[in-house]
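> To be precise about what I am sending: the file is called final06.tsv and holds TSV, C-alpha atoms and all ligand atoms.
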```tsv
chain	number	residue	atom	x	y	z
W	75	MET	CA	14.55	16.38	10.33
W	76	PRO	CA	17.71	17.08	8.30
W	77	HIS	CA	18.00	20.42	6.54
W	78	SER	CA	17.81	19.77	2.87
W	79	HIS	CA	16.51	21.37	-0.27
W	80	LYS	CA	14.71	18.22	-1.23
W	81	PRO	CA	10.91	18.51	-1.36
W	82	LEU	CA	9.21	16.77	1.57
W	83	ALA	CA	6.62	14.03	1.03
W	84	LEU	CA	4.47	12.34	3.65
W	85	VAL	CA	3.37	8.79	2.82
W	86	THR	CA	0.70	7.38	5.13
W	87	GLY	CA	0.64	3.57	4.93
W	88	GLY	CA	4.22	3.71	3.66
W	89	ALA	CA	5.09	0.39	5.35
W	90	GLY	CA	2.41	-1.40	3.32
W	91	PHE	CA	2.37	-3.24	0.04
W	92	ILE	CA	1.83	-0.29	-2.34
W	93	GLY	CA	3.04	2.49	-0.01
W	94	SER	CA	6.49	1.00	0.61
W	95	GLN	CA	7.12	0.73	-3.13
W	96	LEU	CA	5.89	4.30	-3.68
W	97	VAL	CA	8.38	5.43	-1.01
W	98	GLU	CA	11.22	3.88	-3.01
W	99	ALA	CA	10.11	5.63	-6.23
W	100	LEU	CA	9.85	8.99	-4.42
W	101	LEU	CA	13.34	8.60	-2.91
W	102	THR	CA	14.72	7.81	-6.37
W	103	ALA	CA	12.97	10.89	-7.74
W	104	GLY	CA	14.75	13.07	-5.16
W	105	TRP	CA	12.10	13.49	-2.48
W	106	HIS	CA	12.73	13.50	1.24
W	107	VAL	CA	10.18	10.97	2.50
W	108	VAL	CA	8.50	10.56	5.87
W	109	VAL	CA	6.33	7.49	6.48
W	110	ILE	CA	3.54	7.42	9.03
W	111	ASP	CA	2.17	3.92	9.62
W	112	ASN	CA	0.80	2.07	12.65
W	113	LEU	CA	2.16	-1.26	11.33
W	114	SER	CA	-1.28	-2.89	11.65
W	115	SER	CA	-0.66	-4.71	8.36
W	116	GLY	CA	2.53	-3.06	7.08
W	117	LYS	CA	6.06	-4.08	8.00
W	118	ARG	CA	8.88	-1.91	9.31
W	119	LYS	CA	11.38	-3.84	7.18
W	120	PHE	CA	9.55	-2.76	4.00
W	121	VAL	CA	10.35	0.91	4.71
W	122	HIS	CA	13.48	1.94	2.85
W	123	PRO	CA	16.19	3.03	5.34
W	124	ALA	CA	16.55	6.41	3.60
W	125	ALA	CA	12.98	7.31	4.58
W	126	ALA	CA	12.11	8.61	8.04
W	127	PHE	CA	9.62	6.44	9.90
W	128	ILE	CA	7.04	7.47	12.48
W	129	LYS	CA	4.98	4.69	14.06
W	130	GLN	CA	1.66	6.35	14.59
W	131	ASP	CA	-2.03	5.82	13.93
W	132	ILE	CA	-3.37	8.37	11.46
W	133	ALA	CA	-6.28	9.00	13.86
W	134	SER	CA	-3.87	10.58	16.36
W	135	PRO	CA	-4.01	14.40	16.58
W	136	LYS	CA	-0.20	14.26	16.49
W	137	VAL	CA	-0.41	13.52	12.76
W	138	SER	CA	-2.27	16.76	11.99
W	139	GLU	CA	0.12	18.63	14.27
W	140	TRP	CA	3.05	17.15	12.36
W	141	ILE	CA	1.57	18.19	9.00
W	142	LEU	CA	0.94	21.75	10.22
W	143	ARG	CA	4.47	22.03	11.61
W	144	MET	CA	6.41	20.34	8.79
W	145	LYS	CA	4.27	21.58	5.88
W	146	PRO	CA	5.12	18.76	3.44
W	147	LYS	CA	4.89	19.61	-0.24
W	148	ALA	CA	2.91	16.45	-0.96
W	149	VAL	CA	0.81	13.97	1.01
W	150	PHE	CA	0.22	10.47	-0.33
W	151	HIS	CA	-2.57	8.95	1.71
W	152	LEU	CA	-2.51	5.16	1.46
W	153	ALA	CA	-3.10	4.13	5.08
W	154	ALA	CA	-6.46	2.40	5.35
W	155	GLN	CA	-8.45	-0.37	6.91
W	156	ILE	CA	-8.36	-2.45	3.69
W	157	SER	CA	-10.63	-5.39	4.49
W	158	VAL	CA	-14.10	-5.17	2.92
W	159	ASN	CA	-15.32	-7.92	5.29
W	160	THR	CA	-14.09	-6.05	8.37
W	161	SER	CA	-15.86	-2.93	7.09
W	162	ILE	CA	-19.10	-4.93	6.79
W	163	LYS	CA	-18.74	-6.41	10.28
W	164	GLU	CA	-17.43	-3.26	11.98
W	165	PRO	CA	-18.53	-0.20	9.99
W	166	ILE	CA	-17.75	2.22	12.81
W	167	ARG	CA	-14.20	0.97	13.30
W	168	ASP	CA	-13.73	1.15	9.52
W	169	ALA	CA	-15.03	4.72	9.41
W	170	GLU	CA	-12.70	5.82	12.23
W	171	THR	CA	-9.72	5.24	9.92
W	172	ASN	CA	-11.20	5.40	6.44
W	173	VAL	CA	-13.46	8.41	7.02
W	174	MET	CA	-12.62	10.45	10.13
W	175	ALA	CA	-8.85	10.05	10.24
W	176	SER	CA	-8.66	10.52	6.46
W	177	LEU	CA	-10.73	13.71	6.72
W	178	GLY	CA	-8.42	14.93	9.48
W	179	LEU	CA	-5.44	14.51	7.14
W	180	ILE	CA	-7.16	16.40	4.34
W	181	ASP	CA	-8.09	19.23	6.69
W	182	ALA	CA	-4.57	19.53	8.08
W	183	ALA	CA	-3.05	19.33	4.58
W	184	SER	CA	-5.33	22.09	3.39
W	185	ARG	CA	-4.44	24.34	6.34
W	186	ALA	CA	-0.73	23.61	5.85
W	187	GLY	CA	-0.87	24.66	2.18
W	188	VAL	CA	0.15	21.21	0.87
W	189	GLU	CA	0.68	21.43	-2.89
W	190	ARG	CA	-0.52	17.95	-3.70
W	191	PHE	CA	-2.77	15.47	-1.90
W	192	VAL	CA	-3.00	12.02	-3.52
W	193	PHE	CA	-5.65	9.68	-2.16
W	194	ALA	CA	-5.64	5.89	-2.75
W	195	SER	CA	-9.23	5.16	-3.75
W	196	SER	CA	-10.65	1.95	-5.18
W	197	GLY	CA	-11.96	1.53	-8.71
W	198	GLY	CA	-13.13	-2.00	-8.03
W	199	ALA	CA	-15.11	-1.06	-4.93
W	200	LEU	CA	-16.85	1.88	-6.59
W	201	ALA	CA	-17.51	0.32	-9.99
W	202	ASN	CA	-21.01	-0.41	-11.20
W	203	GLU	CA	-21.12	-3.65	-13.19
W	204	GLN	CA	-23.51	-2.13	-15.71
W	205	TYR	CA	-20.68	0.01	-17.06
W	206	LEU	CA	-17.66	-1.97	-18.25
W	207	PRO	CA	-14.84	-1.09	-18.60
W	208	THR	CA	-15.80	1.45	-15.94
W	209	LYS	CA	-14.92	5.11	-16.48
W	210	GLU	CA	-14.46	7.73	-13.76
W	211	THR	CA	-17.62	9.48	-14.95
W	212	ASP	CA	-19.85	6.38	-14.74
W	213	PRO	CA	-22.29	6.28	-11.81
W	214	VAL	CA	-20.63	4.78	-8.74
W	215	GLU	CA	-22.16	2.03	-6.63
W	216	PRO	CA	-20.50	1.91	-3.22
W	217	LEU	CA	-22.03	-1.22	-1.65
W	218	SER	CA	-19.77	-1.87	1.37
W	219	PRO	CA	-18.77	0.52	4.17
W	220	TYR	CA	-15.22	0.28	2.72
W	221	ALA	CA	-16.50	1.60	-0.63
W	222	ILE	CA	-18.75	4.20	1.01
W	223	ALA	CA	-15.71	5.53	2.89
W	224	LYS	CA	-13.57	5.69	-0.27
W	225	TYR	CA	-16.29	7.61	-2.08
W	226	THR	CA	-16.92	9.87	0.91
W	227	ILE	CA	-13.26	10.86	1.05
W	228	GLU	CA	-13.23	11.52	-2.71
W	229	ARG	CA	-16.15	13.92	-2.16
W	230	TYR	CA	-14.52	15.61	0.84
W	231	GLY	CA	-11.38	16.03	-1.26
W	232	ALA	CA	-13.42	17.65	-4.03
W	233	PHE	CA	-14.99	19.95	-1.42
W	234	TYR	CA	-11.59	21.05	-0.06
W	235	ARG	CA	-10.39	21.58	-3.63
W	236	GLU	CA	-13.35	23.83	-4.50
W	237	GLN	CA	-13.53	25.62	-1.15
W	238	TYR	CA	-9.87	25.99	-0.20
W	239	GLY	CA	-7.94	25.19	-3.38
W	240	LEU	CA	-6.33	21.97	-2.05
W	241	PRO	CA	-4.90	20.19	-5.14
W	242	PHE	CA	-6.61	16.87	-4.45
W	243	VAL	CA	-6.19	13.80	-6.66
W	244	SER	CA	-8.14	10.56	-6.24
W	245	MET	CA	-6.57	7.51	-7.81
W	246	ARG	CA	-8.95	4.61	-8.19
W	247	PHE	CA	-6.78	1.50	-8.25
W	248	ALA	CA	-8.02	-1.72	-9.84
W	249	ASN	CA	-6.90	-5.04	-8.24
W	250	VAL	CA	-3.26	-4.37	-7.43
W	251	TYR	CA	-0.87	-7.32	-7.12
W	252	GLY	CA	2.86	-7.92	-6.74
W	253	PRO	CA	5.68	-8.45	-4.25
W	254	ARG	CA	4.94	-7.60	-0.57
W	255	GLN	CA	1.17	-8.04	-0.81
W	256	ASN	CA	-0.04	-9.64	2.41
W	257	PRO	CA	-1.39	-13.15	1.70
W	258	GLU	CA	-2.94	-13.38	5.16
W	259	GLY	CA	-5.61	-10.79	4.44
W	260	GLU	CA	-8.51	-11.21	2.10
W	261	ALA	CA	-7.43	-8.56	-0.35
W	262	GLY	CA	-5.09	-10.15	-2.83
W	263	VAL	CA	-6.18	-13.30	-4.59
W	264	ILE	CA	-2.81	-13.48	-6.36
W	265	SER	CA	-0.78	-13.32	-3.13
W	266	ILE	CA	-3.08	-15.93	-1.57
W	267	PHE	CA	-2.71	-18.27	-4.57
W	268	ALA	CA	1.07	-17.68	-4.74
W	269	SER	CA	1.71	-18.48	-1.07
W	270	ARG	CA	-0.61	-21.51	-0.97
W	271	MET	CA	0.62	-22.98	-4.25
W	272	LEU	CA	4.20	-22.64	-3.07
W	273	MET	CA	3.21	-24.57	0.08
W	274	ASN	CA	1.44	-27.15	-2.05
W	275	GLU	CA	-1.79	-26.61	-0.12
W	276	THR	CA	-5.22	-27.18	-1.61
W	277	LEU	CA	-6.88	-23.99	-2.77
W	278	GLN	CA	-10.49	-23.00	-2.84
W	279	VAL	CA	-12.03	-21.11	-5.75
W	280	ASN	CA	-15.33	-19.48	-4.92
W	281	GLY	CA	-18.25	-19.67	-7.34
W	282	THR	CA	-17.75	-20.58	-10.96
W	283	GLY	CA	-14.22	-19.20	-11.33
W	284	LYS	CA	-15.54	-17.12	-14.20
W	285	GLN	CA	-15.44	-13.91	-12.13
W	286	THR	CA	-13.11	-11.42	-13.78
W	287	ARG	CA	-10.82	-8.76	-12.31
W	288	ASP	CA	-8.49	-6.13	-13.72
W	289	PHE	CA	-5.11	-7.08	-12.25
W	290	VAL	CA	-2.58	-4.24	-12.29
W	291	PHE	CA	1.04	-4.74	-11.21
W	292	VAL	CA	2.22	-2.67	-8.23
W	293	GLU	CA	5.11	-1.14	-10.21
W	294	ASP	CA	2.59	0.21	-12.74
W	295	VAL	CA	0.47	1.66	-9.92
W	296	VAL	CA	3.52	3.43	-8.50
W	297	GLY	CA	4.29	4.66	-12.03
W	298	ALA	CA	0.75	6.05	-12.28
W	299	ILE	CA	1.16	7.99	-9.02
W	300	MET	CA	4.53	9.34	-10.16
W	301	SER	CA	3.01	10.41	-13.50
W	302	VAL	CA	0.47	12.51	-11.60
W	303	ILE	CA	3.20	14.09	-9.46
W	304	ALA	CA	5.06	15.10	-12.60
W	305	LYS	CA	2.10	17.38	-13.52
W	306	PRO	CA	2.03	20.24	-11.02
W	307	GLY	CA	-1.44	21.49	-10.20
W	308	LEU	CA	-3.22	18.45	-11.63
W	309	THR	CA	-6.39	17.54	-9.76
W	310	GLY	CA	-9.27	15.13	-10.36
W	311	THR	CA	-10.13	11.44	-10.28
W	312	PHE	CA	-8.17	8.86	-12.23
W	313	ASN	CA	-8.64	5.15	-12.77
W	314	VAL	CA	-5.49	3.03	-12.58
W	315	GLY	CA	-6.02	-0.29	-14.33
W	316	THR	CA	-5.11	-2.25	-17.43
W	317	GLY	CA	-8.50	-2.39	-19.17
W	318	LYS	CA	-8.02	-6.18	-19.40
W	319	GLU	CA	-10.10	-8.79	-17.62
W	320	THR	CA	-8.67	-12.04	-16.29
W	321	ASP	CA	-10.99	-14.64	-14.84
W	322	ILE	CA	-10.06	-16.50	-11.67
W	323	ALA	CA	-9.93	-19.94	-13.33
W	324	THR	CA	-7.45	-18.62	-15.93
W	325	LEU	CA	-5.41	-16.95	-13.20
W	326	TYR	CA	-5.30	-20.27	-11.32
W	327	LYS	CA	-4.05	-22.09	-14.43
W	328	LYS	CA	-1.38	-19.49	-15.19
W	329	MET	CA	-0.08	-19.54	-11.60
W	330	ALA	CA	-0.23	-23.33	-11.33
W	331	LYS	CA	1.92	-23.56	-14.46
W	332	ILE	CA	4.57	-21.19	-13.06
W	333	THR	CA	4.73	-22.99	-9.69
W	334	CYS	CA	4.37	-26.56	-11.09
W	335	TYR	CA	1.33	-26.91	-8.84
W	336	ARG	CA	-0.89	-29.83	-9.79
W	337	LYS	CA	-3.76	-29.87	-7.29
W	338	LYS	CA	-7.32	-29.26	-8.40
W	339	ALA	CA	-9.11	-26.41	-6.66
W	340	LYS	CA	-11.91	-27.08	-4.18
W	341	LYS	CA	-15.16	-25.35	-5.04
W	342	GLY	CA	-16.35	-22.76	-2.55
W	343	PRO	CA	-19.64	-20.84	-2.37
W	344	ALA	CA	-20.06	-17.81	-4.60
W	345	ASP	CA	-19.38	-14.49	-2.84
W	346	LYS	CA	-22.63	-12.54	-2.93
W	347	ASN	CA	-20.97	-9.25	-2.06
W	348	ALA	CA	-18.48	-9.38	-4.94
W	349	PRO	CA	-19.22	-8.45	-8.54
W	350	MET	CA	-18.96	-11.05	-11.35
W	351	ARG	CA	-16.92	-8.73	-13.56
W	352	SER	CA	-14.66	-5.80	-12.84
W	353	VAL	CA	-12.46	-3.85	-15.24
W	354	LEU	CA	-11.43	-0.19	-15.39
W	355	ASN	CA	-10.97	2.18	-18.31
W	356	ALA	CA	-7.81	4.18	-17.53
W	357	SER	CA	-7.68	6.22	-20.73
W	358	HIS	CA	-8.28	9.47	-18.82
W	359	LEU	CA	-4.97	9.10	-16.96
W	360	HIS	CA	-3.27	8.12	-20.21
W	361	GLN	CA	-4.57	11.24	-21.96
W	362	VAL	CA	-3.54	13.57	-19.14
W	363	THR	CA	-0.13	12.18	-18.10
W	364	GLY	CA	0.80	9.67	-20.83
W	365	TRP	CA	0.80	6.80	-18.28
W	366	LYS	CA	0.20	3.28	-19.55
W	367	PRO	CA	0.62	-0.03	-17.70
W	368	LYS	CA	3.79	-1.76	-18.86
W	369	VAL	CA	3.81	-5.12	-17.08
W	370	LYS	CA	1.92	-7.95	-18.77
W	371	ILE	CA	0.08	-10.31	-16.41
W	372	ASP	CA	2.37	-13.30	-17.17
W	373	ASP	CA	5.49	-11.29	-16.28
W	374	GLY	CA	3.86	-9.77	-13.21
W	375	LEU	CA	2.76	-13.19	-11.95
W	376	ARG	CA	6.24	-14.60	-12.45
W	377	GLN	CA	7.84	-11.68	-10.55
W	378	THR	CA	5.31	-12.02	-7.75
W	379	ILE	CA	5.82	-15.77	-7.36
W	380	ILE	CA	9.61	-15.40	-7.41
W	381	TRP	CA	9.32	-12.79	-4.64
W	382	PHE	CA	7.10	-15.04	-2.51
W	383	GLU	CA	9.37	-18.00	-3.06
W	384	ALA	CA	12.38	-16.01	-1.79
W	385	ASN	CA	10.83	-13.83	0.91
W	386	TRP	CA	7.64	-15.14	2.34
W	387	LYS	CA	7.79	-17.05	5.61
W	388	PRO	CA	4.52	-18.81	6.39
W	389	LYS	CA	3.30	-18.69	10.01
W	390	LYS	CA	2.57	-22.42	9.86
W	391	GLY	CA	3.93	-25.10	7.58
W	392	VAL	CA	6.81	-25.01	5.14
W	393	MET	CA	7.26	-23.85	1.60
W	394	ALA	CA	7.51	-26.65	-0.92
W	395	ALA	CA	10.56	-26.17	-3.12
W	396	LEU	CA	8.67	-25.80	-6.36
W	397	ARG	CA	11.38	-24.28	-8.43
W	398	CYS	CA	10.47	-25.61	-11.83
W	399	PHE	CA	9.90	-22.11	-13.13
W	400	LEU	CA	13.36	-20.81	-12.32
Y	501	LIG	N1	-4.22	-3.55	-3.05
Y	501	LIG	C1	-5.24	-3.23	-3.82
Y	501	LIG	O1	-5.65	-4.00	-4.70
Y	501	LIG	C2	-5.94	-1.90	-3.65
Y	501	LIG	C3	-6.97	-1.57	-4.54
Y	501	LIG	C4	-7.63	-0.35	-4.39
Y	501	LIG	C5	-7.23	0.54	-3.39
Y	501	LIG	N2	-6.23	0.19	-2.54
Y	501	LIG	C6	-5.86	1.16	-1.49
Y	501	LIG	O2	-4.47	1.38	-1.53
Y	501	LIG	C7	-3.99	1.68	-0.22
Y	501	LIG	C8	-2.82	0.78	0.14
Y	501	LIG	O3	-3.27	-0.58	0.18
Y	501	LIG	P1	-2.29	-1.83	0.22
Y	501	LIG	O4	-2.86	-2.85	-0.68
Y	501	LIG	O5	-0.87	-1.37	0.05
Y	501	LIG	O6	-2.58	-2.35	1.71
Y	501	LIG	P2	-1.60	-2.53	2.98
Y	501	LIG	O7	-2.45	-3.08	4.08
Y	501	LIG	O8	-0.38	-3.26	2.62
Y	501	LIG	O9	-1.21	-1.01	3.31
Y	501	LIG	C9	-1.94	-0.21	4.20
Y	501	LIG	C10	-0.95	0.36	5.20
Y	501	LIG	O10	-1.63	1.27	6.06
Y	501	LIG	C11	-1.26	1.01	7.40
Y	501	LIG	N3	-2.38	1.42	8.25
Y	501	LIG	C12	-3.63	0.86	8.30
Y	501	LIG	N4	-4.39	1.55	9.17
Y	501	LIG	C13	-3.64	2.56	9.67
Y	501	LIG	C14	-3.86	3.60	10.61
Y	501	LIG	N5	-5.05	3.74	11.23
Y	501	LIG	N6	-2.85	4.46	10.89
Y	501	LIG	C15	-1.64	4.32	10.29
Y	501	LIG	N7	-1.37	3.36	9.38
Y	501	LIG	C16	-2.35	2.49	9.08
Y	501	LIG	C17	-0.96	-0.48	7.47
Y	501	LIG	O11	-0.09	-0.85	8.53
Y	501	LIG	C18	-0.31	-0.70	6.11
Y	501	LIG	O12	1.09	-0.51	6.15
Y	501	LIG	C19	-5.20	1.52	0.71
Y	501	LIG	O13	-5.76	2.80	0.93
Y	501	LIG	C20	-6.15	0.65	-0.09
Y	501	LIG	O14	-7.50	0.87	0.28
Y	501	LIG	C21	-5.57	-1.00	-2.64
```
So, in terms of structure tokens, how does the structure I just supplied come out?
Ligand SMILES: NC(=O)c1ccc[n+]([C@@H]2O[C@H](COP(=O)([O-])OP(=O)(O)OC[C@H]3O[C@@H](n4cnc5c(N)ncnc54)[C@H](O)[C@@H]3O)[C@@H](O)[C@H]2O)c1


Amino acid sequence: MPHSHKPLALVTGGAGFIGSQLVEALLTAGWHVVVIDNLSSGKRKFVHPAAAFIKQDIASPKVSEWILRMKPKAVFHLAAQISVNTSIKEPIRDAETNVMASLGLIDAASRAGVERFVFASSGGALANEQYLPTKETDPVEPLSPYAIAKYTIERYGAFYREQYGLPFVSMRFANVYGPRQNPEGEAGVISIFASRMLMNETLQVNGTGKQTRDFVFVEDVVGAIMSVIAKPGLTGTFNVGTGKETDIATLYKKMAKITCYRKKAKKGPADKNAPMRSVLNASHLHQVTGWKPKVKIDDGLRQTIIWFEANWKPKKGVMAALRCFL
């Protein structure tokens, strides 16, 4: 580790979609950044070369040892098993990362005197459809093991804050989208639509297409995290969303227009485990840090599609050169 007067940040999951873009913002803001990631879904090439990289599973005791030895000023904990379906099929495997390893990080951070612990929680997974747009103070309804784990870690964080003074912040992201989101997983409908439309494949829309989500651009999410960091000592739980709902059929139309895609969607069965509507109220974060989302959905979709067009290599098949939007 080089000797420097720069503050040291640890980013778990820093090779992932959101984490790798947070790393870049932290480097720009003058932090020395260390990434710990097991590359299960992240990519080494997404990690900025100015950041140090340790390939390690967060469940390893070496990670706690590292935190106790290096005493980072801030820990940004984004590493997670992110598939809700996997959490339903394999709750124990999910809990090994999303509960036990996460708790291990919090415990080590607390013992090391870390000045800020930021946890990537999920507004969508915890939201109760009876309260829309959902506020942080509304009753939560964690229905999947993924959501139960997110809520459990929020509560452990609150415990460490009360008991040991760890400055713990939970950030409940809405549906994040943008460049680098993995279209092979189940998580990002926008990355799935972008990659398939660019390959001119037929897409499936589940249910009526009237389901709504609060789509927030990754750059705005990184901005929200940075706004929290700019307030020393801030703790608590903060929604990160736009407050706007977009339904899947409208999303499909907007993306089809940008990519010149003309195929009609196949109808799939409705997903019983997913809510019909989801939207977050992020006015708490706005009041406390002044953060507001800046990127409108049409601009964010365009940026995302341009990124996929230039950077995404499908495992099978070829990209159709649908460049009408350029
Ligand atoms: N993308 C969203 O819409 C969204 C919404 C709410 C919350 N979140 C949360 O934000 C965080 C980042 O998600 P993302 O969308 O960037 O996903 P991602 O899969 O791109 O990033 C997760 C990263 O963690 C790494 N990782 C996974 N398990 C690990 C382990 N055991 N040890 C070390 N590294 C491990 C992966 O390799 C990957 O680089 C996650 O905690 C996720 O639950 C994301």

> Pick from W:Thr286, W:Met273, W:Tyr234, W:Lys346: nearest to W:Cys334, with all atoms listed in the file counted?

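Distance minimum relative to W:Cys334 lands on W:Met273.
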
> Return as a PyMOL selection string every polymer residue, whether protein, DNA or RNA, with at least one atom no more than 7 Å from an atom of ligand LIG 501 (chain Y); count all atoms listed in the file.

chain W and resi 86-93+110-117+130-133+151-156+171+194-198+246-251+255-256+261-262

> Considering only C-alpha atoms, state which residue in the set W:Arg351, W:Arg254, W:Lys387, W:Lys366 is at the smallest distance from W:Gly297.

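The closest residue to W:Gly297 is W:Lys366.
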
> So which residues touch W:Pro165 within 7 Å, counting only C-alpha atoms, skipping near sequence neighbours fewer than 4 positions away, as number ranges by chain?

W: 161, 169, 219

> With C-alpha atoms retained, could you export that selection as a short mmCIF file (atom, residue, chain, number, x, y, z; two decimals), in the coordinates of the input?


```cif
data_model
loop_
_atom_site.label_atom_id
_atom_site.label_comp_id
_atom_site.auth_asym_id
_atom_site.auth_seq_id
_atom_site.Cartn_x
_atom_site.Cartn_y
_atom_site.Cartn_z
CA SER W 161 -15.86 -2.93 7.09
CA ALA W 169 -15.03 4.72 9.41
CA PRO W 219 -18.77 0.52 4.17
#
```

> Select, from W:Asp345, W:Asp288, W:Glu139, W:Glu319, the residue with the minimum atom-to-atom distance to W:Asp181, counting only C-alpha atoms.

W:Glu139

> Counting all atoms listed in the file, what is within 6 Å of W:Thr309, bar same-chain residues fewer than 3 positions away, as an MDAnalysis selection string?

chainID W and resid 241:243

> Grab the atom CA of W:Val108 to atom CA of W:Ser244 distance for me, in Å with one decimal place.

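These atoms are spaced 20.6 Å apart.
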
> Kindly list the centre and edge lengths in Å, rounded to one decimal, for the axis-aligned box that covers all listed atoms of stretch 95-108 of chain W plus 5 Å on each of its six sides, as lines of an AutoDock Vina configuration file.


```
center_x = 10.3
center_y = 7.1
center_z = -0.9
size_x = 18.9
size_y = 22.8
size_z = 23.6
```

> Please report the interatomic distance between atom CA of W:Lys163 and atom CA of W:Ala344 in Å with one decimal.

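Going from atom CA of W:Lys163 over to atom CA of W:Ala344, I get 18.8 Å.
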
> W:Arg185, W:Arg287, W:Arg235, W:Lys136: which is nearest W:Ala201, counting all atoms listed in the file?

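Once distances to W:Ala201 are computed over all atoms listed in the file, the minimum belongs to W:Arg287.
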
> Quick one: distance from atom CA of W:Thr160 to atom CA of W:Met350 in Å, one decimal?

20.9 Å

> Just checking: using all atoms listed in the file, which residue out of W:Ala83, W:Ala356, W:Ile380, W:Leu272 ends up closest to W:Tyr335?

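Closest to W:Tyr335, using all atoms listed in the file: W:Leu272.
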
> Which one is closest to W:Gln278: W:Lys327, W:Lys145, W:Lys338, W:Lys129? Count all atoms listed in the file.

W:Lys338

> So that I can check the surroundings of W:Gly307, please list as a VMD selection string every protein, DNA and RNA residue that reaches within 12 Å of it, counting only C-alpha atoms and ignoring chain neighbours fewer than 4 positions away.

chain W and resid 147 to 148 188 to 192 235 239 to 243 302 to 303

> For stretch 351-363 of chain W, which lacks atoms in the input, supply N, CA and C atoms and format the output as a tab-separated table (two decimals), in the coordinates of the input.


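Final file, result_3.tsv:
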```tsv
chain	number	residue	atom	x	y	z
W	351	ARG	N	-17.96	-9.28	-12.67
W	351	ARG	CA	-16.92	-8.73	-13.56
W	351	ARG	C	-16.46	-7.36	-13.04
W	352	SER	N	-15.19	-7.11	-13.23
W	352	SER	CA	-14.66	-5.80	-12.84
W	352	SER	C	-13.49	-5.46	-13.74
W	353	VAL	N	-13.57	-4.30	-14.38
W	353	VAL	CA	-12.46	-3.85	-15.24
W	353	VAL	C	-12.58	-2.33	-15.40
W	354	LEU	N	-11.42	-1.66	-15.35
W	354	LEU	CA	-11.43	-0.19	-15.39
W	354	LEU	C	-10.92	0.33	-16.74
W	355	ASN	N	-11.48	1.46	-17.15
W	355	ASN	CA	-10.97	2.18	-18.31
W	355	ASN	C	-10.07	3.29	-17.77
W	356	ALA	N	-8.77	3.20	-18.07
W	356	ALA	CA	-7.81	4.18	-17.53
W	356	ALA	C	-7.35	5.17	-18.60
W	357	SER	N	-8.16	5.35	-19.64
W	357	SER	CA	-7.68	6.22	-20.73
W	357	SER	C	-7.60	7.69	-20.31
W	358	HIS	N	-8.36	8.08	-19.29
W	358	HIS	CA	-8.28	9.47	-18.82
W	358	HIS	C	-6.87	9.78	-18.32
W	359	LEU	N	-6.33	8.89	-17.47
W	359	LEU	CA	-4.97	9.10	-16.96
W	359	LEU	C	-3.97	9.09	-18.11
W	360	HIS	N	-4.17	8.19	-19.07
W	360	HIS	CA	-3.27	8.12	-20.21
W	360	HIS	C	-3.27	9.44	-21.00
W	361	GLN	N	-4.48	9.98	-21.22
W	361	GLN	CA	-4.57	11.24	-21.96
W	361	GLN	C	-3.89	12.39	-21.22
W	362	VAL	N	-4.03	12.42	-19.91
W	362	VAL	CA	-3.54	13.57	-19.14
W	362	VAL	C	-2.04	13.47	-18.83
W	363	THR	N	-1.55	12.29	-18.51
W	363	THR	CA	-0.13	12.18	-18.10
W	363	THR	C	0.70	11.30	-19.04
```
